[in-house]
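Engineer: Mind looking over this structure? Questions follow.
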Amino acid sequence: MDYTKMRPESLMMTYGYKPKLSEGSLKCPIFQTSTFVFNSAMEGKRFFEVAYGLSEARQGEELGLIYSRLNNPDLEILENRLCLWDKAEDCAIFESGMSAIATAMMEFMQPGDLLLYSRPVYGGTDHFINNFLKKLNIESVGFSPEDSREEIIEKINQSGRADRLAMIHIETPANPTNALIDIEMCAEIKRTFSTADKEVILSVDNTYMGPIWQHPLKHGADLVLYSATKYIGGHSDVIAGACLGSKAHIARVKGLRTFMGNMAAPFTGWMLMRSLETLKVRMEQQARNAVEVARYLRNHPKVEKVYFLGFIGETGTEREKEIYRKQYLSSGAMIAFDVKGGEKEAFAFLDNLQLIKLAVSLGGTESLAEHPYSMTHADVPQDIKNAMSITEKLIRVSVGVEYYEDIISDMRQALDKL
Ligand SMILES: *Cc1c(COP(=O)(O)O)cnc(C)c1O
């Protein structure tokens, strides 16, 4: 059988796992062990040479199992499976999305460097950039989804550190309003500022649409980052993260992961393998439901505006339509909407939901709703909130796998109470 011709969803149950090596167990066991026994001292010596980069791996030679901070079968098999969706050469799994993002940023930037990033980004990422990285004398320049390539280049030049641009980090669609950023445009900016001895790294936080509906590496990104807590985990029962890219880039990320010790535990790897088996069916159902929910909300007299990628074809600008056509395979399952009124009406809606739970996070099998202005985005500076339509009347919904009519009827009874 030629596995390379198969779709990722066909391989999620078996790829990279050999039952013979685990007493015939159909499912990959949890390798709950801190360390691995070498067959000989010579073998142990060789494993360390390769693991610590003292010697190149020979053609076809696999990195031997040493110690669970360096590698573990539950992480390795999961990493191999996750690579299939993004067509990445390698992947590193972390104990959280934040640790994947922070580790990648620390590996590819040095004191004195400049980071360009899209705004708004995830609150934790924003905090890391504007607090911790500042302490390391890594400055940052933010840009918004409306900025043109020329405007962004102008901002970089005005920073006084254009020659030190080391990394571009973007999130598209932006949370919570689904604003779009052109990955190819960012790759052009990356090339403009890269030199023979310094490659600018372009990373894309693909948590909202990946790994099924957007593939940033195809558009020129170097790294794809995930909070695997969201769609990849998909059951709201695990915190994890991932970073994918070329073998060379991920070797560097894994190097720092080894010394930070922020790899995921074997049980987390096992949980995520369980989740990957149903990733595509879950996400497709969630996206179908989201179309129904968005249409319902758009026609409701107490709803002012709905932010949903499925409406870009009708209401988007030419630029948005082009990015959408290039980058996305689906309109996704994240919806934001403005209720008529303000905080009072938004809170009344949230407090009256019954089936849909009032909680942050997203991408799980259950539908969740929250208030970005006072919750996930409470920390975002007021001018960015204003520019991004993050107001007191805005509600964000992560649509789950329930029967769509039940989601809608819960929303209907909550809206009726406003
Ligand atoms: C949740 C989230 C993160 C952080 O991930 P954790 O797993 O909570 O550490 C990063 N980026 C985006 C877009 C997220 O939604």
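Ordering of the structure tokens sets the chain letters (A, B, ...); residue numbers start at 1 within each chain; ligands are numbered from 1 in the order shown.
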Quick one: which chain A residues come within 10 Å of ligand 1, and what is the nearest atom pair for each with the distance in Å to one decimal, counting only C-alpha atoms and all ligand atoms, rows ordered by chain and ascending number, as JSON lines?

Structural biologist:
```
{"residue": "A:Phe94", "atom": "CA", "partner": "ligand 1", "partner_atom_place_in_ligand_line": "7 (O)", "distance": 8.9}
{"residue": "A:Glu95", "atom": "CA", "partner": "ligand 1", "partner_atom_place_in_ligand_line": "7 (O)", "distance": 7.8}
{"residue": "A:Ser96", "atom": "CA", "partner": "ligand 1", "partner_atom_place_in_ligand_line": "9 (O)", "distance": 4.1}
{"residue": "A:Gly97", "atom": "CA", "partner": "ligand 1", "partner_atom_place_in_ligand_line": "5 (O)", "distance": 3.5}
{"residue": "A:Met98", "atom": "CA", "partner": "ligand 1", "partner_atom_place_in_ligand_line": "9 (O)", "distance": 3.8}
{"residue": "A:Ser99", "atom": "CA", "partner": "ligand 1", "partner_atom_place_in_ligand_line": "9 (O)", "distance": 6.4}
{"residue": "A:Ala100", "atom": "CA", "partner": "ligand 1", "partner_atom_place_in_ligand_line": "9 (O)", "distance": 7.9}
{"residue": "A:Ile101", "atom": "CA", "partner": "ligand 1", "partner_atom_place_in_ligand_line": "10 (C)", "distance": 7.5}
{"residue": "A:Ala102", "atom": "CA", "partner": "ligand 1", "partner_atom_place_in_ligand_line": "9 (O)", "distance": 9.7}
{"residue": "A:Val121", "atom": "CA", "partner": "ligand 1", "partner_atom_place_in_ligand_line": "13 (C)", "distance": 7.1}
{"residue": "A:Tyr122", "atom": "CA", "partner": "ligand 1", "partner_atom_place_in_ligand_line": "11 (N)", "distance": 5.0}
{"residue": "A:Gly123", "atom": "CA", "partner": "ligand 1", "partner_atom_place_in_ligand_line": "10 (C)", "distance": 7.8}
{"residue": "A:Gly124", "atom": "CA", "partner": "ligand 1", "partner_atom_place_in_ligand_line": "4 (C)", "distance": 6.5}
{"residue": "A:Thr125", "atom": "CA", "partner": "ligand 1", "partner_atom_place_in_ligand_line": "10 (C)", "distance": 6.7}
{"residue": "A:Asp126", "atom": "CA", "partner": "ligand 1", "partner_atom_place_in_ligand_line": "10 (C)", "distance": 9.8}
{"residue": "A:Ile170", "atom": "CA", "partner": "ligand 1", "partner_atom_place_in_ligand_line": "13 (C)", "distance": 9.8}
{"residue": "A:Glu171", "atom": "CA", "partner": "ligand 1", "partner_atom_place_in_ligand_line": "13 (C)", "distance": 6.9}
{"residue": "A:Thr172", "atom": "CA", "partner": "ligand 1", "partner_atom_place_in_ligand_line": "13 (C)", "distance": 8.7}
{"residue": "A:Pro173", "atom": "CA", "partner": "ligand 1", "partner_atom_place_in_ligand_line": "13 (C)", "distance": 9.1}
{"residue": "A:Ala174", "atom": "CA", "partner": "ligand 1", "partner_atom_place_in_ligand_line": "13 (C)", "distance": 8.0}
{"residue": "A:Asn175", "atom": "CA", "partner": "ligand 1", "partner_atom_place_in_ligand_line": "13 (C)", "distance": 6.8}
{"residue": "A:Pro176", "atom": "CA", "partner": "ligand 1", "partner_atom_place_in_ligand_line": "13 (C)", "distance": 9.4}
{"residue": "A:Val204", "atom": "CA", "partner": "ligand 1", "partner_atom_place_in_ligand_line": "13 (C)", "distance": 9.7}
{"residue": "A:Asp205", "atom": "CA", "partner": "ligand 1", "partner_atom_place_in_ligand_line": "13 (C)", "distance": 6.1}
{"residue": "A:Asn206", "atom": "CA", "partner": "ligand 1", "partner_atom_place_in_ligand_line": "13 (C)", "distance": 7.0}
{"residue": "A:Thr207", "atom": "CA", "partner": "ligand 1", "partner_atom_place_in_ligand_line": "13 (C)", "distance": 5.0}
{"residue": "A:Tyr208", "atom": "CA", "partner": "ligand 1", "partner_atom_place_in_ligand_line": "13 (C)", "distance": 6.1}
{"residue": "A:Met209", "atom": "CA", "partner": "ligand 1", "partner_atom_place_in_ligand_line": "13 (C)", "distance": 9.5}
{"residue": "A:Leu225", "atom": "CA", "partner": "ligand 1", "partner_atom_place_in_ligand_line": "11 (N)", "distance": 8.0}
{"residue": "A:Tyr226", "atom": "CA", "partner": "ligand 1", "partner_atom_place_in_ligand_line": "11 (N)", "distance": 6.6}
{"residue": "A:Ser227", "atom": "CA", "partner": "ligand 1", "partner_atom_place_in_ligand_line": "5 (O)", "distance": 4.0}
{"residue": "A:Ala228", "atom": "CA", "partner": "ligand 1", "partner_atom_place_in_ligand_line": "7 (O)", "distance": 6.0}
{"residue": "A:Thr229", "atom": "CA", "partner": "ligand 1", "partner_atom_place_in_ligand_line": "7 (O)", "distance": 4.7}
{"residue": "A:Lys230", "atom": "CA", "partner": "ligand 1", "partner_atom_place_in_ligand_line": "1 (C)", "distance": 6.6}
{"residue": "A:Tyr231", "atom": "CA", "partner": "ligand 1", "partner_atom_place_in_ligand_line": "15 (O)", "distance": 9.5}
{"residue": "A:Gly233", "atom": "CA", "partner": "ligand 1", "partner_atom_place_in_ligand_line": "7 (O)", "distance": 9.7}
{"residue": "A:Val238", "atom": "CA", "partner": "ligand 1", "partner_atom_place_in_ligand_line": "7 (O)", "distance": 8.5}
{"residue": "A:Ile239", "atom": "CA", "partner": "ligand 1", "partner_atom_place_in_ligand_line": "7 (O)", "distance": 5.1}
{"residue": "A:Ala240", "atom": "CA", "partner": "ligand 1", "partner_atom_place_in_ligand_line": "7 (O)", "distance": 5.1}
{"residue": "A:Gly241", "atom": "CA", "partner": "ligand 1", "partner_atom_place_in_ligand_line": "7 (O)", "distance": 5.6}
{"residue": "A:Ala242", "atom": "CA", "partner": "ligand 1", "partner_atom_place_in_ligand_line": "7 (O)", "distance": 9.1}
{"residue": "A:Val360", "atom": "CA", "partner": "ligand 1", "partner_atom_place_in_ligand_line": "1 (C)", "distance": 8.9}
{"residue": "A:Ser361", "atom": "CA", "partner": "ligand 1", "partner_atom_place_in_ligand_line": "1 (C)", "distance": 6.1}
{"residue": "A:Leu362", "atom": "CA", "partner": "ligand 1", "partner_atom_place_in_ligand_line": "15 (O)", "distance": 7.0}
{"residue": "A:Gly363", "atom": "CA", "partner": "ligand 1", "partner_atom_place_in_ligand_line": "15 (O)", "distance": 8.8}
{"residue": "A:Thr376", "atom": "CA", "partner": "ligand 1", "partner_atom_place_in_ligand_line": "15 (O)", "distance": 9.4}
```

Engineer: For Arg282 in chain A, work out the shell of residues within 9 Å, counting only C-alpha atoms and skipping chain neighbours fewer than 3 positions away, then give it as a list in words.

Structural biologist: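 So, after excluding close chain neighbours, the residues are Tyr231, Gly234, Thr278, Leu279, Gln285, Gln286, Ala287, Gly364, Thr365, Gly400 and Val401 of chain A.
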
Engineer: Pick the closest to Ile168 in chain A from A:Leu276, A:Met271, A:Ile201, A:Met185: which is it, counting only C-alpha atoms?

Structural biologist: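 Smallest separation from Ile168 in chain A among the options: A:Ile201.
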
Engineer: Determine which residues of range 213-266 of chain A DSSP labels as alpha helix (DSSP H) from the backbone of this structure, then write them out as a PyMOL selection string.

Structural biologist: chain A and resi 247-260+266

Engineer: Using only C-alpha atoms, please write the residues we just selected to a file, as a compact mmCIF listing (two decimals), in the first residue's frame.

Structural biologist:
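As written to disk, result26.txt reads:
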```
# COMPACT_ATOMS: atom_id res chain seq x y z
CA LYS A 247 13.37 19.37 9.82
CA ALA A 248 16.04 22.03 10.36
CA HIS A 249 13.70 24.54 12.04
CA ILE A 250 12.02 21.94 14.25
CA ALA A 251 15.41 20.49 15.25
CA ARG A 252 16.16 23.92 16.76
CA VAL A 253 12.76 24.13 18.47
CA LYS A 254 13.15 20.60 19.86
CA GLY A 255 16.63 21.52 21.05
CA LEU A 256 15.29 24.31 23.23
CA ARG A 257 12.33 22.14 24.30
CA THR A 258 14.79 19.55 25.62
CA PHE A 259 16.45 22.14 27.86
CA MET A 260 13.29 23.99 28.88
CA PRO A 266 3.06 10.65 27.50
```

Engineer: Skipping near chain neighbours, those fewer than 6 positions away, what residues fall within 6 Å of Glu370 in chain A using only C-alpha atoms, listed as JSON, numbers by chain?

Structural biologist: {"A": [358, 359, 360, 395, 396]}

Engineer: With C-alpha atoms kept, could you save the residues just selected as a PDB file, in the first residue's frame?

Structural biologist:
```pdb
ATOM      1  CA  LEU A 358     -20.453  30.198  29.292  1.00  0.00           C
ATOM      2  CA  ALA A 359     -16.712  29.537  29.110  1.00  0.00           C
ATOM      3  CA  VAL A 360     -13.579  30.670  27.291  1.00  0.00           C
ATOM      4  CA  ILE A 395     -20.175  37.766  21.859  1.00  0.00           C
ATOM      5  CA  ARG A 396     -17.926  34.952  20.618  1.00  0.00           C
TER       6      ARG A 396
END
```

Engineer: Leaving out range 189-199 of chain A and any residue of its chain fewer than 2 positions from it, which residues lie within 8 Å of it when counting only C-alpha atoms, given as a ChimeraX atom specification?

Structural biologist: /A:149,153,162-163,165-166,168,185-187,201-202

Engineer: Write a file of the just-selected residues containing N, CA and C atoms, as a PDB file, in the first residue's frame.

Structural biologist:
```pdb
ATOM      1  N   ARG A 149       0.909  46.096   2.504  1.00  0.00           N
ATOM      2  CA  ARG A 149       2.314  45.684   2.580  1.00  0.00           C
ATOM      3  C   ARG A 149       3.218  46.905   2.764  1.00  0.00           C
ATOM      4  N   ILE A 153       5.737  47.698   5.883  1.00  0.00           N
ATOM      5  CA  ILE A 153       7.188  47.912   5.673  1.00  0.00           C
ATOM      6  C   ILE A 153       7.607  49.259   6.251  1.00  0.00           C
ATOM      7  N   ALA A 162      15.057  47.918  11.729  1.00  0.00           N
ATOM      8  CA  ALA A 162      14.672  47.136  10.542  1.00  0.00           C
ATOM      9  C   ALA A 162      15.712  46.060  10.225  1.00  0.00           C
ATOM     10  N   ASP A 163      16.982  46.377  10.445  1.00  0.00           N
ATOM     11  CA  ASP A 163      18.036  45.387  10.139  1.00  0.00           C
ATOM     12  C   ASP A 163      18.047  44.241  11.146  1.00  0.00           C
ATOM     13  N   LEU A 165      15.109  42.778  12.181  1.00  0.00           N
ATOM     14  CA  LEU A 165      13.856  42.007  12.116  1.00  0.00           C
ATOM     15  C   LEU A 165      14.209  40.520  12.070  1.00  0.00           C
ATOM     16  N   ALA A 166      13.714  39.753  13.065  1.00  0.00           N
ATOM     17  CA  ALA A 166      14.094  38.344  13.163  1.00  0.00           C
ATOM     18  C   ALA A 166      12.895  37.430  12.955  1.00  0.00           C
ATOM     19  N   ILE A 168       8.378  37.201  12.162  1.00  0.00           N
ATOM     20  CA  ILE A 168       7.040  37.749  11.910  1.00  0.00           C
ATOM     21  C   ILE A 168       6.062  36.706  12.445  1.00  0.00           C
ATOM     22  N   MET A 185       1.548  37.653   1.609  1.00  0.00           N
ATOM     23  CA  MET A 185       2.076  39.008   1.750  1.00  0.00           C
ATOM     24  C   MET A 185       3.140  39.043   2.858  1.00  0.00           C
ATOM     25  N   CYS A 186       2.875  38.335   3.957  1.00  0.00           N
ATOM     26  CA  CYS A 186       3.853  38.302   5.062  1.00  0.00           C
ATOM     27  C   CYS A 186       5.118  37.572   4.641  1.00  0.00           C
ATOM     28  N   ALA A 187       4.969  36.556   3.772  1.00  0.00           N
ATOM     29  CA  ALA A 187       6.150  35.839   3.280  1.00  0.00           C
ATOM     30  C   ALA A 187       6.995  36.761   2.393  1.00  0.00           C
ATOM     31  N   ILE A 201      12.067  34.590  10.240  1.00  0.00           N
ATOM     32  CA  ILE A 201      11.172  33.435  10.392  1.00  0.00           C
ATOM     33  C   ILE A 201       9.721  33.912  10.415  1.00  0.00           C
ATOM     34  N   LEU A 202       8.890  33.300   9.574  1.00  0.00           N
ATOM     35  CA  LEU A 202       7.454  33.628   9.572  1.00  0.00           C
ATOM     36  C   LEU A 202       6.688  32.503  10.271  1.00  0.00           C
TER      37      LEU A 202
END
```
